[in-house]
Every structure is written in structure tokens, then in C-alpha cells.
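So this one's final17.cif, mmCIF, C-alpha atoms:
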data_entry
loop_
_atom_site.label_atom_id
_atom_site.label_comp_id
_atom_site.auth_asym_id
_atom_site.auth_seq_id
_atom_site.Cartn_x
_atom_site.Cartn_y
_atom_site.Cartn_z
CA MET A 1 26.16 21.94 13.03
CA ALA A 2 26.11 18.43 11.59
CA LEU A 3 25.31 17.50 8.00
CA ILE A 4 23.99 14.03 7.25
CA ILE A 5 24.68 12.78 3.74
CA LEU A 6 21.97 10.16 3.46
CA ALA A 7 22.81 7.70 0.69
CA HIS A 8 20.11 5.05 0.45
CA PRO A 9 18.93 4.05 -3.05
CA ASP A 10 15.53 3.00 -1.69
CA PHE A 11 15.06 5.02 1.47
CA GLU A 12 11.25 4.83 1.56
CA LYS A 13 11.41 1.02 1.78
CA SER A 14 14.22 1.03 4.33
CA PHE A 15 13.60 0.14 7.97
CA ALA A 16 16.99 0.57 9.51
CA ASN A 17 18.22 3.76 7.87
CA LYS A 18 14.75 5.33 8.10
CA THR A 19 14.54 4.65 11.83
CA ILE A 20 18.00 6.13 12.39
CA ILE A 21 17.08 9.28 10.46
CA GLU A 22 13.72 9.61 12.28
CA GLU A 23 15.41 9.27 15.69
CA VAL A 24 18.03 11.89 14.81
CA LYS A 25 15.28 14.25 13.63
CA LYS A 26 13.41 13.73 16.94
CA SER A 27 16.52 14.61 18.94
CA SER A 28 17.48 18.11 20.02
CA LEU A 29 20.41 18.12 17.59
CA ASN A 30 20.82 20.79 14.97
CA VAL A 31 21.28 18.67 11.83
CA SER A 32 20.75 19.13 8.11
CA ILE A 33 19.98 16.04 6.04
CA ARG A 34 20.70 15.70 2.34
CA ASP A 35 19.05 12.65 0.78
CA ILE A 36 21.38 12.39 -2.22
CA SER A 37 19.48 9.52 -3.90
CA GLY A 38 16.32 11.61 -3.75
CA LEU A 39 18.11 14.79 -4.87
CA TYR A 40 19.96 13.12 -7.74
CA PRO A 41 17.99 10.14 -9.12
CA ASP A 42 19.99 10.45 -12.37
CA TYR A 43 23.34 10.55 -10.49
CA LYS A 44 24.06 14.05 -11.86
CA ILE A 45 25.30 15.46 -8.58
CA ASP A 46 25.72 19.23 -8.31
CA PRO A 47 29.22 19.77 -6.89
CA ILE A 48 28.64 23.43 -6.03
CA ALA A 49 25.48 22.78 -3.98
CA GLU A 50 27.17 19.91 -2.16
CA GLN A 51 30.36 21.85 -1.50
CA ARG A 52 28.36 24.76 -0.11
CA ALA A 53 26.54 22.39 2.27
CA LEU A 54 29.88 20.94 3.39
CA GLU A 55 31.34 24.38 4.03
CA GLU A 56 28.39 25.27 6.28
CA HIS A 57 28.92 22.32 8.66
CA GLU A 58 31.67 21.13 10.97
CA THR A 59 30.65 17.46 11.15
CA ILE A 60 29.69 15.30 8.20
CA VAL A 61 27.86 12.01 8.80
CA PHE A 62 27.61 9.50 5.96
CA GLN A 63 24.48 7.41 6.53
CA TYR A 64 24.05 4.40 4.22
CA PRO A 65 23.45 0.68 3.91
CA PHE A 66 26.59 -1.41 3.38
CA TYR A 67 26.24 -3.11 -0.04
CA TRP A 68 28.77 -5.61 -1.36
CA TYR A 69 31.30 -4.72 1.34
CA ASN A 70 31.29 -1.07 0.30
CA MET A 71 29.23 2.11 0.09
CA PRO A 72 26.29 2.39 -2.36
CA ALA A 73 27.11 3.77 -5.83
CA ILE A 74 25.34 7.08 -5.22
CA LEU A 75 27.70 7.85 -2.33
CA LYS A 76 30.76 6.87 -4.37
CA GLN A 77 29.58 9.19 -7.15
CA TRP A 78 29.11 11.92 -4.56
CA PHE A 79 32.75 11.63 -3.45
CA ASP A 80 34.01 11.51 -7.04
CA VAL A 81 32.08 14.64 -8.03
CA VAL A 82 32.17 16.73 -4.83
CA PHE A 83 35.67 16.10 -3.45
CA GLU A 84 37.33 18.09 -6.22
CA TYR A 85 40.91 19.21 -6.70
CA GLN A 86 41.49 22.57 -5.00
CA PHE A 87 38.40 22.05 -2.88
CA ALA A 88 39.08 18.84 -0.98
CA TYR A 89 42.78 18.41 -1.84
CA GLY A 90 45.57 20.14 -3.73
CA SER A 91 47.69 23.18 -2.84
CA ARG A 92 44.58 25.29 -2.05
CA GLY A 93 42.21 22.40 -1.40
CA ASP A 94 41.69 22.78 2.31
CA LYS A 95 37.95 23.45 2.50
CA LEU A 96 37.31 20.26 4.50
CA LYS A 97 40.29 20.59 6.84
CA GLY A 98 39.42 19.83 10.45
CA LYS A 99 35.84 18.79 9.81
CA ASN A 100 34.65 15.55 11.40
CA PHE A 101 33.98 12.58 9.10
CA ILE A 102 31.65 9.92 10.56
CA PRO A 103 30.63 6.80 8.61
CA SER A 104 27.30 5.52 9.95
CA PHE A 105 25.94 2.43 8.24
CA THR A 106 23.89 -0.73 8.48
CA VAL A 107 25.01 -4.22 7.50
CA GLY A 108 22.52 -6.81 6.25
CA ALA A 109 24.30 -9.97 7.38
CA PRO A 110 25.01 -10.99 10.99
CA GLU A 111 28.23 -10.05 12.77
CA HIS A 112 29.69 -13.55 13.18
CA GLY A 113 30.38 -13.80 9.43
CA TYR A 114 32.88 -10.95 9.47
CA LYS A 115 35.88 -12.91 10.73
CA THR A 116 38.86 -14.35 8.86
CA LEU A 117 37.58 -17.94 8.96
CA ALA A 118 33.90 -17.07 8.47
CA GLU A 119 32.02 -16.46 5.25
CA HIS A 120 32.82 -12.75 4.86
CA HIS A 121 36.50 -13.27 5.79
CA PHE A 122 37.29 -9.68 6.76
CA ARG A 123 36.44 -7.40 9.67
CA ILE A 124 34.12 -4.52 8.82
CA ASN A 125 36.93 -2.01 9.39
CA GLU A 126 39.00 -3.69 6.70
CA PHE A 127 36.30 -2.70 4.21
CA CYS A 128 36.33 0.93 5.37
CA LYS A 129 39.87 1.90 4.46
CA ASN A 130 38.77 3.77 1.35
CA MET A 131 36.53 5.95 3.55
CA GLU A 132 39.25 6.34 6.17
CA GLN A 133 41.94 7.38 3.70
CA THR A 134 39.53 9.72 1.89
CA ALA A 135 39.13 11.50 5.22
CA TYR A 136 42.90 11.67 5.82
CA TYR A 137 43.64 12.92 2.32
CA THR A 138 41.15 15.74 2.72
CA GLN A 139 42.52 16.62 6.20
CA MET A 140 39.27 15.60 7.88
CA ASN A 141 39.01 14.06 11.30
CA TYR A 142 38.05 10.41 10.74
CA ILE A 143 35.86 8.99 13.46
CA ASP A 144 35.48 5.22 13.68
CA PRO A 145 32.28 4.00 12.01
CA ILE A 146 29.03 3.49 13.87
CA TYR A 147 27.23 0.44 12.47
CA PHE A 148 25.19 -2.59 13.33
CA HIS A 149 24.53 -5.97 11.77
CA GLY A 150 21.46 -7.94 10.80
CA THR A 151 19.12 -5.66 8.87
CA SER A 152 18.19 -8.22 6.25
CA LEU A 153 14.55 -9.27 6.71
CA THR A 154 14.99 -12.09 4.17
CA ALA A 155 17.71 -13.50 6.44
CA GLY A 156 15.12 -13.92 9.21
CA HIS A 157 15.54 -10.72 11.21
CA THR A 158 12.21 -9.23 12.28
CA VAL A 159 11.10 -5.65 11.77
CA GLU A 160 10.93 -5.21 15.56
CA GLU A 161 14.46 -6.47 16.01
CA VAL A 162 15.85 -4.24 13.24
CA THR A 163 13.94 -1.22 14.54
CA ALA A 164 15.27 -1.75 18.07
CA LYS A 165 18.84 -2.05 16.82
CA ALA A 166 18.40 1.03 14.63
CA LYS A 167 17.17 3.02 17.64
CA ASP A 168 20.21 1.89 19.59
CA HIS A 169 22.43 2.92 16.67
CA ALA A 170 20.73 6.33 16.55
CA LYS A 171 21.41 6.80 20.28
CA LYS A 172 25.12 6.20 19.72
CA LEU A 173 25.19 8.57 16.76
CA ILE A 174 23.32 11.27 18.66
CA ALA A 175 25.65 10.88 21.66
CA SER A 176 28.65 11.15 19.36
CA LEU A 177 27.26 14.29 17.71
CA LYS A 178 26.47 15.87 21.08
CA VAL A 179 30.10 15.49 22.13
CA LEU A 180 31.19 17.22 18.93
CA GLU A 181 28.60 20.01 19.11
CA MET B 1 36.10 -16.35 -23.61
CA ALA B 2 36.84 -13.25 -21.54
CA LEU B 3 34.41 -10.46 -20.80
CA ILE B 4 35.77 -7.01 -19.99
CA ILE B 5 33.49 -4.84 -17.88
CA LEU B 6 34.87 -1.43 -18.80
CA ALA B 7 33.89 1.12 -16.16
CA HIS B 8 35.31 4.51 -17.05
CA PRO B 9 33.02 7.54 -16.63
CA ASP B 10 34.93 9.47 -19.31
CA PHE B 11 36.48 6.83 -21.53
CA GLU B 12 36.89 9.01 -24.62
CA LYS B 13 39.16 11.39 -22.69
CA SER B 14 41.11 8.59 -21.01
CA PHE B 15 44.67 7.76 -22.05
CA ALA B 16 45.52 4.84 -19.85
CA ASN B 17 42.31 2.81 -19.94
CA LYS B 18 41.84 3.54 -23.66
CA THR B 19 45.34 2.30 -24.49
CA ILE B 20 44.78 -0.88 -22.48
CA ILE B 21 41.49 -1.58 -24.28
CA GLU B 22 43.02 -0.84 -27.71
CA GLU B 23 45.94 -3.19 -27.04
CA VAL B 24 43.61 -5.97 -25.90
CA LYS B 25 41.49 -5.49 -29.04
CA LYS B 26 44.63 -5.72 -31.22
CA SER B 27 45.62 -9.02 -29.57
CA SER B 28 44.53 -12.44 -30.78
CA LEU B 29 42.34 -12.87 -27.71
CA ASN B 30 38.66 -13.60 -27.96
CA VAL B 31 37.19 -10.89 -25.73
CA SER B 32 33.87 -9.09 -25.41
CA ILE B 33 33.90 -5.57 -24.01
CA ARG B 34 30.96 -3.93 -22.27
CA ASP B 35 31.44 -0.20 -21.74
CA ILE B 36 28.96 0.16 -18.89
CA SER B 37 29.26 3.97 -18.63
CA GLY B 38 28.41 4.21 -22.33
CA LEU B 39 25.61 1.63 -22.09
CA TYR B 40 24.04 3.14 -18.98
CA PRO B 41 24.66 6.92 -18.80
CA ASP B 42 21.67 7.20 -16.43
CA TYR B 43 22.98 4.37 -14.18
CA LYS B 44 19.87 2.27 -14.93
CA ILE B 45 21.75 -0.97 -15.44
CA ASP B 46 19.86 -3.89 -17.01
CA PRO B 47 20.53 -6.87 -14.74
CA ILE B 48 19.26 -9.45 -17.24
CA ALA B 49 21.51 -8.27 -20.08
CA GLU B 50 24.52 -8.15 -17.75
CA GLN B 51 23.80 -11.55 -16.21
CA ARG B 52 23.46 -13.09 -19.67
CA ALA B 53 26.86 -11.65 -20.66
CA LEU B 54 28.40 -13.06 -17.46
CA GLU B 55 26.93 -16.50 -18.09
CA GLU B 56 28.49 -16.58 -21.57
CA HIS B 57 32.07 -16.02 -20.32
CA GLU B 58 34.48 -17.86 -18.06
CA THR B 59 36.73 -14.92 -17.17
CA ILE B 60 35.53 -11.48 -16.13
CA VAL B 61 37.95 -8.53 -16.19
CA PHE B 62 36.98 -5.32 -14.43
CA GLN B 63 38.80 -2.45 -16.17
CA TYR B 64 38.57 0.94 -14.47
CA PRO B 65 40.39 3.95 -13.07
CA PHE B 66 40.91 3.88 -9.28
CA TYR B 67 39.04 6.90 -7.85
CA TRP B 68 39.15 7.86 -4.18
CA TYR B 69 40.76 4.53 -3.22
CA ASN B 70 37.88 2.58 -4.72
CA MET B 71 36.09 1.66 -7.95
CA PRO B 72 34.06 4.29 -9.89
CA ALA B 73 30.37 4.60 -8.96
CA ILE B 74 29.15 3.03 -12.22
CA LEU B 75 30.99 -0.20 -11.39
CA LYS B 76 29.65 -0.22 -7.83
CA GLN B 77 26.13 0.22 -9.20
CA TRP B 78 26.80 -2.65 -11.62
CA PHE B 79 27.68 -5.00 -8.73
CA ASP B 80 24.68 -3.85 -6.68
CA VAL B 81 22.23 -4.42 -9.55
CA VAL B 82 23.74 -7.44 -11.33
CA PHE B 83 25.02 -9.63 -8.48
CA GLU B 84 21.52 -10.52 -7.34
CA TYR B 85 20.28 -13.01 -4.77
CA GLN B 86 19.82 -16.46 -6.37
CA PHE B 87 22.05 -15.43 -9.27
CA ALA B 88 25.36 -14.56 -7.62
CA TYR B 89 24.66 -15.90 -4.11
CA GLY B 90 21.97 -17.67 -2.13
CA SER B 91 20.90 -21.33 -2.08
CA ARG B 92 20.57 -21.43 -5.90
CA GLY B 93 22.86 -18.48 -6.63
CA ASP B 94 25.75 -20.28 -8.25
CA LYS B 95 25.79 -18.76 -11.73
CA LEU B 96 29.24 -17.24 -11.24
CA LYS B 97 30.83 -20.23 -9.53
CA GLY B 98 34.31 -21.01 -10.82
CA LYS B 99 34.55 -18.01 -13.13
CA ASN B 100 37.75 -15.94 -12.96
CA PHE B 101 37.53 -12.45 -11.46
CA ILE B 102 40.34 -10.07 -12.49
CA PRO B 103 40.49 -6.45 -11.30
CA SER B 104 42.52 -4.41 -13.79
CA PHE B 105 42.89 -0.73 -12.96
CA THR B 106 44.94 2.43 -13.21
CA VAL B 107 46.00 4.65 -10.31
CA GLY B 108 46.53 8.39 -10.79
CA ALA B 109 49.10 8.99 -8.06
CA PRO B 110 52.62 7.52 -7.92
CA GLU B 111 53.38 4.25 -6.16
CA HIS B 112 55.56 5.60 -3.35
CA GLY B 113 52.55 7.23 -1.65
CA TYR B 114 50.84 3.91 -0.98
CA LYS B 115 52.80 2.98 2.13
CA THR B 116 51.86 3.21 5.82
CA LEU B 117 53.99 6.30 6.48
CA ALA B 118 53.33 7.98 3.12
CA GLU B 119 50.43 10.17 2.10
CA HIS B 120 48.01 7.43 1.06
CA HIS B 121 48.86 5.28 4.13
CA PHE B 122 47.65 1.94 2.77
CA ARG B 123 48.86 -0.55 0.18
CA ILE B 124 46.70 -0.81 -2.93
CA ASN B 125 45.62 -4.33 -1.96
CA GLU B 126 44.19 -3.02 1.29
CA PHE B 127 41.73 -0.99 -0.79
CA CYS B 128 40.70 -4.04 -2.84
CA LYS B 129 39.19 -6.20 -0.12
CA ASN B 130 35.65 -5.34 -1.14
CA MET B 131 36.41 -6.66 -4.65
CA GLU B 132 38.20 -9.69 -3.25
CA GLN B 133 35.41 -10.68 -0.88
CA THR B 134 32.77 -10.04 -3.55
CA ALA B 135 34.57 -12.67 -5.64
CA TYR B 136 34.74 -15.14 -2.72
CA TYR B 137 31.10 -14.69 -1.80
CA THR B 138 30.03 -15.43 -5.37
CA GLN B 139 32.36 -18.46 -5.55
CA MET B 140 34.51 -16.81 -8.21
CA ASN B 141 38.24 -17.30 -8.58
CA TYR B 142 39.83 -14.02 -7.45
CA ILE B 143 43.02 -13.19 -9.30
CA ASP B 144 45.30 -10.53 -7.81
CA PRO B 145 44.77 -7.13 -9.45
CA ILE B 146 46.79 -5.90 -12.40
CA TYR B 147 47.41 -2.17 -12.04
CA PHE B 148 49.92 0.61 -12.49
CA HIS B 149 50.53 4.01 -10.97
CA GLY B 150 51.01 7.50 -12.32
CA THR B 151 48.29 8.20 -14.88
CA SER B 152 47.56 11.73 -13.69
CA LEU B 153 48.75 14.21 -16.33
CA THR B 154 48.17 17.11 -13.92
CA ALA B 155 50.66 15.45 -11.55
CA GLY B 156 53.35 15.82 -14.24
CA HIS B 157 53.23 12.45 -15.98
CA THR B 158 53.51 12.77 -19.77
CA VAL B 159 51.16 11.19 -22.31
CA GLU B 160 54.09 9.14 -23.69
CA GLU B 161 54.94 7.83 -20.24
CA VAL B 162 51.34 6.91 -19.44
CA THR B 163 50.86 5.27 -22.84
CA ALA B 164 54.01 3.17 -22.42
CA LYS B 165 52.91 2.02 -18.96
CA ALA B 166 49.42 1.25 -20.25
CA LYS B 167 50.89 -0.88 -23.04
CA ASP B 168 52.97 -2.76 -20.49
CA HIS B 169 49.84 -3.25 -18.35
CA ALA B 170 47.95 -4.57 -21.40
CA LYS B 171 50.75 -7.07 -22.04
CA LYS B 172 50.39 -8.43 -18.51
CA LEU B 173 46.62 -8.63 -18.82
CA ILE B 174 46.83 -10.36 -22.22
CA ALA B 175 49.39 -12.85 -20.88
CA SER B 176 47.16 -13.56 -17.89
CA LEU B 177 44.13 -14.10 -20.15
CA LYS B 178 46.11 -16.39 -22.48
CA VAL B 179 46.99 -18.64 -19.56
CA LEU B 180 43.30 -18.85 -18.63
CA GLU B 181 42.06 -19.39 -22.20
#
Can you present the structure in this file as C-alpha cells?
Amino acid sequence: MALIILAHPDFEKSFANKTIIEEVKKSSLNVSIRDISGLYPDYKIDPIAEQRALEEHETIVFQYPFYWYNMPAILKQWFDVVFEYQFAYGSRGDKLKGKNFIPSFTVGAPEHGYKTLAEHHFRINEFCKNMEQTAYYTQMNYIDPIYFHGTSLTAGHTVEEVTAKAKDHAKKLIASLKVLE
Amino acid sequence: MALIILAHPDFEKSFANKTIIEEVKKSSLNVSIRDISGLYPDYKIDPIAEQRALEEHETIVFQYPFYWYNMPAILKQWFDVVFEYQFAYGSRGDKLKGKNFIPSFTVGAPEHGYKTLAEHHFRINEFCKNMEQTAYYTQMNYIDPIYFHGTSLTAGHTVEEVTAKAKDHAKKLIASLKVLE
């Protein structure tokens, strides 16, 4: 039912995204996972294979770490290559119409910085408008992002803390997918 | 003085970005141009080479086509790889401090769609907050983007029309760079 587009350039070394994926796999949900960094290390994404996977699912989850206030490059390349004219948009481009679009990501820095007067100046949602409008333009059903803050171990967060938050995140994602199932 | 980070995945086939680059080259400005798609077709960006180029210039222009309400993947990868901890940010990460940061891009669709009630729903600036905050976080001087609409030939714009607009865009960019020189 749900397709997870996993876009992590270094998934094996990840704590947060790996825990989320492991928890989803352990759940009773019927999900397919496409690790696009693993599938396409040279960034040469196969649009046909990706479009076929999209057509087979009603809900698409984008799972990734938030880098520089945006998605990782591999996910941006995926949109640029896969969301083609007359597939995702255009007079006959309705193949994604009505499908659910769920951004699900992790943010390295703590939450308090994402305020106008704080060091990151903008709310997380203000950085998601490109995702949101991509969903609208392709007639998908945009669902507000699921995310949590504080995954950066160098910033003093512990593995235990990150793992606990990632499990909590996975619970929310699983609950959201169960409603849509 | 100025460094142009040219991020176009198919520059040879481009009209708009190519015209802008040609006009800048014809000007009396002292600019270096790094075609990062050409330099790194496999996306394996060399952070040292890019950081050295940044250190040698006071103004950095990011020249690219706007794809899916965002920068192309090659430019996102460039930020993720080049704007490293203790280079671009962190306790000793002040190598970009005070440098000018100018987004300069082209938008395929016409301007009237980028309004709340129109098909793209958001103003262009609302899609640039990731660029803007990247500049702030690295202590760079963010300059409002230079851009124009209507480069898509399939949407009915003619080559002559796009070329004329690109020349006008180049004039604005050159004028802006002359002020900063």
C-alpha cells in the first residue's frame, strides 16, 4: 500500500533514519522501501522503474535527513527525473492524482533554533513549500510533515536519545499510514 | 572578484542560462565560472577545490534553472559537500563570512502562476528560504534573487523572447556585480 522513498546518502551510518525504517519494517504495515541512494549511487535514476513503483502505491512517504534547510540532492534528482511531463503533470499527466504525499524527515539541530529571532530564523514548514507545492502541482494529497529535531551526535545528543525520538517518530508515521490503509 | 557557480544539468541545450553566461563573459567584469554539472557528472564534488575557489572570491553567484520550486540536485549536492563544518559554520567555520551570496535563476513557467490563488500558490521568494537561511547561517551577505519567468519553449515562449529576457537578466546581474566590485 505505502511506498517509502528512502533518500539518505549514508544510510548505513545513520541512527535516526535507520531506526525509523527498522520500526516500520517491524510493524504490520504493508510497505515497499526504495533506498534511492543505494539504487542509484551515480545519480542516474531510472524514471520508468520509479514511475512504475509510484503507480503501484497509493501513499508515498519521503524519508530523509534535512540538510541545509532542504532535502538531500538524491531526492531532488529523483523529483527532477521521475516527475515528468505527461506523467506527473501536463494535459495527460495525472498518474499521481489522489495519492498521498508524506514528507518524513529528521533535523540535526534542536527545535528552539527554528524561530524568527533564533539562529535558523524560519519555521520548518517554511522550508517545506517546495515539497508542498510539488504535491499540489501533481494533484497529490499533501500531508503535513512528520519530523523531529536533534539527531546530530556532534551537537551533544546521545545515541539513546536519538533512537528513542526516532522510535517515537516511527510510531507517528505508522499510525498515520494505518489511517490511510 | 566574482565566482559564478553554474548549476545546469544540461547547459549545452539551455537557452536562458547560456545567454546569461555569454553576456557576463562579454562584459568587462572579472568573473570565474565553475560549471559544476560539467566538472562533476557523477556528483562526486571535490570539497577542497570548491572551498579554495570560494576563498578566492568575495561574491558568489549561483546561476541555475529553477526546477520543481527548488535548485537542481547538483547545486544541492554542492552545498551539502562544500559547506562543511568548520569551513562554512561551527566555532572556526568563518571562511565565507562577509562574502556576497546572489541567487540568479530562470523559471520555466510564467509569473502570474506564482500567487496564492494561482496554480503555483506561492511567491518565488517563499521557495528561496533555504538559500536565504544557508547564507545567514554561513554569515554571508544574502542579496535578493535575480530571476525571470517564461523560459519553457514547450509552454509557447519563443527562443527570441527567452533570449531577450535572458539578456535583460544578464544586464541586471552585471550591474549588481559592478556595484559590489
Hey, which bits of chain B sit within 10 Å of chain A, and for each residue what's the closest pair of atoms and how far apart in Å (one decimal), counting all atoms listed in the file, rows by chain and increasing number, as a Markdown table?
| residue | atom | partner | partner_atom | distance |
| --- | --- | --- | --- | --- |
| B:Pro41 | CA | A:Asp42 | CA | 8.7 |
| B:Asp42 | CA | A:Asp42 | CA | 5.5 |
| B:Tyr43 | CA | A:Asp42 | CA | 7.0 |
| B:Lys44 | CA | A:Asp42 | CA | 8.6 |
| B:Tyr67 | CA | A:Asp80 | CA | 6.9 |
| B:Trp68 | CA | A:Thr134 | CA | 6.4 |
| B:Tyr69 | CA | A:Asn130 | CA | 5.0 |
| B:Asn70 | CA | A:Asn130 | CA | 6.2 |
| B:Met71 | CA | A:Lys76 | CA | 8.3 |
| B:Pro72 | CA | A:Lys76 | CA | 6.9 |
| B:Ala73 | CA | A:Ala73 | CA | 4.6 |
| B:Ile74 | CA | A:Ala73 | CA | 6.7 |
| B:Leu75 | CA | A:Ala73 | CA | 7.9 |
| B:Lys76 | CA | A:Ala73 | CA | 5.1 |
| B:Gln77 | CA | A:Ala73 | CA | 5.0 |
| B:Trp78 | CA | A:Ala73 | CA | 8.7 |
| B:Phe79 | CA | A:Trp68 | CA | 7.5 |
| B:Asp80 | CA | A:Tyr67 | CA | 6.9 |
| B:Phe83 | CA | A:Trp68 | CA | 9.0 |
| B:Glu119 | CA | A:Tyr137 | CA | 7.3 |
| B:His120 | CA | A:Gln133 | CA | 6.6 |
| B:His121 | CA | A:Gln133 | CA | 7.2 |
| B:Phe122 | CA | A:Gln133 | CA | 7.9 |
| B:Glu126 | CA | A:Lys129 | CA | 7.3 |
| B:Phe127 | CA | A:Asn130 | CA | 6.0 |
| B:Cys128 | CA | A:Phe127 | CA | 8.4 |
| B:Lys129 | CA | A:Phe127 | CA | 6.3 |
| B:Asn130 | CA | A:Tyr69 | CA | 5.0 |
| B:Met131 | CA | A:Tyr69 | CA | 8.1 |
| B:Glu132 | CA | A:Tyr69 | CA | 9.7 |
| B:Gln133 | CA | A:His120 | CA | 6.6 |
| B:Thr134 | CA | A:Trp68 | CA | 6.4 |
| B:Tyr136 | CA | A:His120 | CA | 8.2 |
| B:Tyr137 | CA | A:His120 | CA | 7.1 |
Self-check item: Residue members of the PyMOL selection byres ((chain A and resi 146-161) around 8) in the file shown, as a ChimeraX atom specification
Solution: /A:15-16,102-111,144-145,162-166,169,172-173
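Going from atom CA of A:Leu6 over to atom CA of B:Leu6, you cover 28.2 Å.
Checking A:Ala88, A:Val81, A:Ile5, A:Ile36 one by one against A:Gln139, counting only C-alpha atoms, you find the shortest gap at A:Ala88.
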Quiz item: Of the candidates B:Gln86, B:Asn100, B:Ser37, B:Asn141, which shows the shortest atom-to-atom distance to B:Leu54, using all atoms listed in the file?
Solution: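 Of the candidates, the smallest distance to B:Leu54 is held by B:Asn100.
The two atoms in question, atom CA of B:Lys171 and atom CA of B:Ile20, are spaced 8.6 Å apart.
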Quiz item: Mind telling me what the PyMOL selection byres ((chain B and resi 35) around 10) catches here, as an MDAnalysis selection string?
Solution: chainID B and resid 4:9 11 32:34 36:40 63
Exercise. Select all residues near (33.0, -17.1, -14.2) (cut-off 6 Å, inclusive, file coordinates), counting only C-alpha atoms, and output them as a list in words.
Key: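 Returned residue set, sorted by chain then number, is Glu58, Thr59, Leu96, Gly98, Lys99 and Asn100 of chain B.
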Quiz prompt | Coordinates-based distance that separates atom CA of B:Lys18 from atom CA of B:Arg52 (Å, one decimal) | solution =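 Computing it gives 25.1 Å between the two atoms.
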Self-check item: Spatial neighbours of stretch 24-31 of chain A, max dist 9 Å, only C-alpha atoms, sep filter under 5 positions, as a count of residues only
Solution: 12
Size and centre in Å, one decimal, axis-aligned box, all listed stretch 73-76 of chain B atoms plus 4 Å per side, as AutoDock Vina command-line options:
--center_x 30.1 --center_y 2.2 --center_z -10.0 --size_x 9.8 --size_y 12.8 --size_z 12.4
